[in-house]
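Take a look at the structure below.
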Amino acid sequence: MKVKHFIEPNDLALNEYEEIFRLADNILIQPEAYLSRCQGKILASLFFEPSTRTRISFETAMLRLGGQVISVTDPKVSSVAKGESLADTLRILEGYADICAMRHPENFTPHQVAPYLSQMNLINAGDGSNAHPTQTLADILTIREAKGGLEGLKIGFCGDLKYGRTVHSLFKFMEQMEGNSFYLISPEALALAPSFYDYVDPGRVQVVGELAECIGDLDVLYMTRIQKERFEDPREAEALRGSYLLDTEKMKLAKKDLAVLHPLPRVDEISQEVDDDPRALYFRQAKLGMVGRMALITYLLEAKDGGKR
């Protein structure tokens, strides 16, 4: 069977997502049943950009499935620093590992190297400002758990929509769902590029200047930090710090069942006083990210093996 990669959210069909949801539900209910599901399998954890949650959750996911992990967390200590092409590095790793989670600072790098791989699954753990599909998996698992489904929702994206790859990935996924509408809340300098939504019915997308204008309408609020590492001039990022703050005063304007998400790390866009609000789901979201990655790893490896082992 041809090896399957997960580079963009739409690399999986909706029926495949349903299978991953089923696996995630089962893992939450009966985690002990999955302790040896990936025994004998190896995950290559290849991170060319700083990461805490994503890298550790991938590695923890594989360990909880009974597999093992090999890792590169600093490109300076890999052969890439000697001039080896990334494609060659991955082809070498293919001889050692069964599946690879890779983060890279440059857009579309996983897309470029995936065609070189014929045996090892490649999962995009974030490529520049383009996409972060496994964060999207964590996001939709959280929304599904909180709202009982993924359709008919009013979703607000707030903060850095220009460089926020998690926003890009989640928007691409959720705009496919029936009846969803979107509120894009950001400074003009950090607005989502119109190319992301110029094909979507204009009635489904509203560009909003202030969070307080629309928070009362939202079912889901997706907060993001300023991606200062993406700016050519750090002073521009600093000037936008604190542009949008979610605090208890704004939460008073929101629905009682609003779901507040954030891909983390948080900097200064959500006040810590919001953490005690039951509508603040970002720490639950982080845990579901690990569960989602367990389900994804299981699905990809077992699909490659032709079914459950």
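In the structure tokens, each chain is lettered A, B, ... as it comes, each chain's residues begin at 1, and ligands are numbered from 1 in order of appearance.
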
- List every residue of range 25-112 of chain A that DSSP, applied to the backbone, labels as alpha helix (DSSP H), and write the result as a ChimeraX atom specification. /A:25-29,53-64,86-93,109-112

- For range 32-46 of chain A, please output as JSON, numbers by chain all residues within 10 Å (counting only C-alpha atoms; exclusion window: fewer than 6 positions along the same chain). {"A": [23, 26, 55, 56, 58, 59, 61, 62, 63, 64, 65, 66, 67, 68, 69, 70, 71, 72, 73, 74, 75, 90, 93, 94, 96, 97, 98, 99, 100, 101, 102, 103, 104, 120, 121, 122, 123, 125, 294, 295, 297, 298, 301, 302, 308, 309]}

- Note on the structure: The residue from A:Ile215, A:Leu137, A:Val113, A:Ala191 with the smallest atom-to-atom distance to Ile20 in chain A, counting only C-alpha atoms, is A:Leu137

- Name the residues of range 82-242 of chain A that come out as strand (DSSP E or B) in a backbone DSSP run; write them as a ChimeraX atom specification. /A:99-104,121-127,131,154-158,181-185,205-208,220-223

- Nearby residues (only C-alpha atoms) at most 12 Å from Ala212 in chain A, same-chain spacing under 3 positions excluded, as a list in words: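 Non-adjacent residues within range: Gly156, Cys158, Tyr183, Ile185, Ser186, Val208, Gly209, Ile215, Gly216, Asp217, Leu218, Leu221, Tyr244, Leu245, Leu246, Asp247, Thr248, Glu249, Lys250, Met251, Lys252, Leu253 and Ala254 of chain A.
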
Write the residues you've just listed into a file as a tab-separated table (two decimals), in the first residue's frame, and include C-alpha atoms for each of them.
```tsv
chain	number	residue	atom	x	y	z
A	156	GLY	CA	-13.91	33.87	15.72
A	158	CYS	CA	-8.45	36.67	16.92
A	183	TYR	CA	-15.25	36.39	12.24
A	185	ILE	CA	-10.53	39.83	14.33
A	186	SER	CA	-7.08	41.39	14.02
A	208	VAL	CA	-14.04	42.76	12.49
A	209	GLY	CA	-11.91	45.46	14.10
A	215	ILE	CA	-17.67	38.07	21.06
A	216	GLY	CA	-21.33	37.84	22.08
A	217	ASP	CA	-22.18	36.12	18.78
A	218	LEU	CA	-19.45	33.48	18.89
A	221	LEU	CA	-13.14	31.89	19.93
A	244	TYR	CA	-6.13	42.19	21.48
A	245	LEU	CA	-6.57	41.01	25.04
A	246	LEU	CA	-9.18	38.55	26.27
A	247	ASP	CA	-9.99	39.33	29.90
A	248	THR	CA	-12.89	38.75	32.30
A	249	GLU	CA	-14.64	41.93	31.16
A	250	LYS	CA	-14.87	40.68	27.58
A	251	MET	CA	-15.85	37.20	28.79
A	252	LYS	CA	-18.89	38.81	30.44
A	253	LEU	CA	-20.11	39.70	26.93
A	254	ALA	CA	-19.78	36.12	25.66
```

- Query: How far is it from CA of Gly203 in chain A to CA of Met177 in chain A, in Å with one decimal?
  - Reply: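 Taking CA of Gly203 in chain A as the start and CA of Met177 in chain A as the end point, the length is 14.8 Å.
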
- Message: Could you list, as a ChimeraX atom specification, every residue within 10 Å of Thr109 in chain A, counting only C-alpha atoms and ignoring same-chain residues fewer than 5 positions away?
- Response: /A:7,86-87,102-104,114,124,126-128,130

- With distances taken over only C-alpha atoms, which of A:Val291, A:Ala303, A:Leu296, A:Ala259 is nearest to Leu153 in chain A? A:Ala259

- Quick one: pull the distance between CA of Ser129 in chain A and CA of His262 in chain A, Å, one decimal.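 One can read the CA of Ser129 in chain A to CA of His262 in chain A distance as 16.3 Å.
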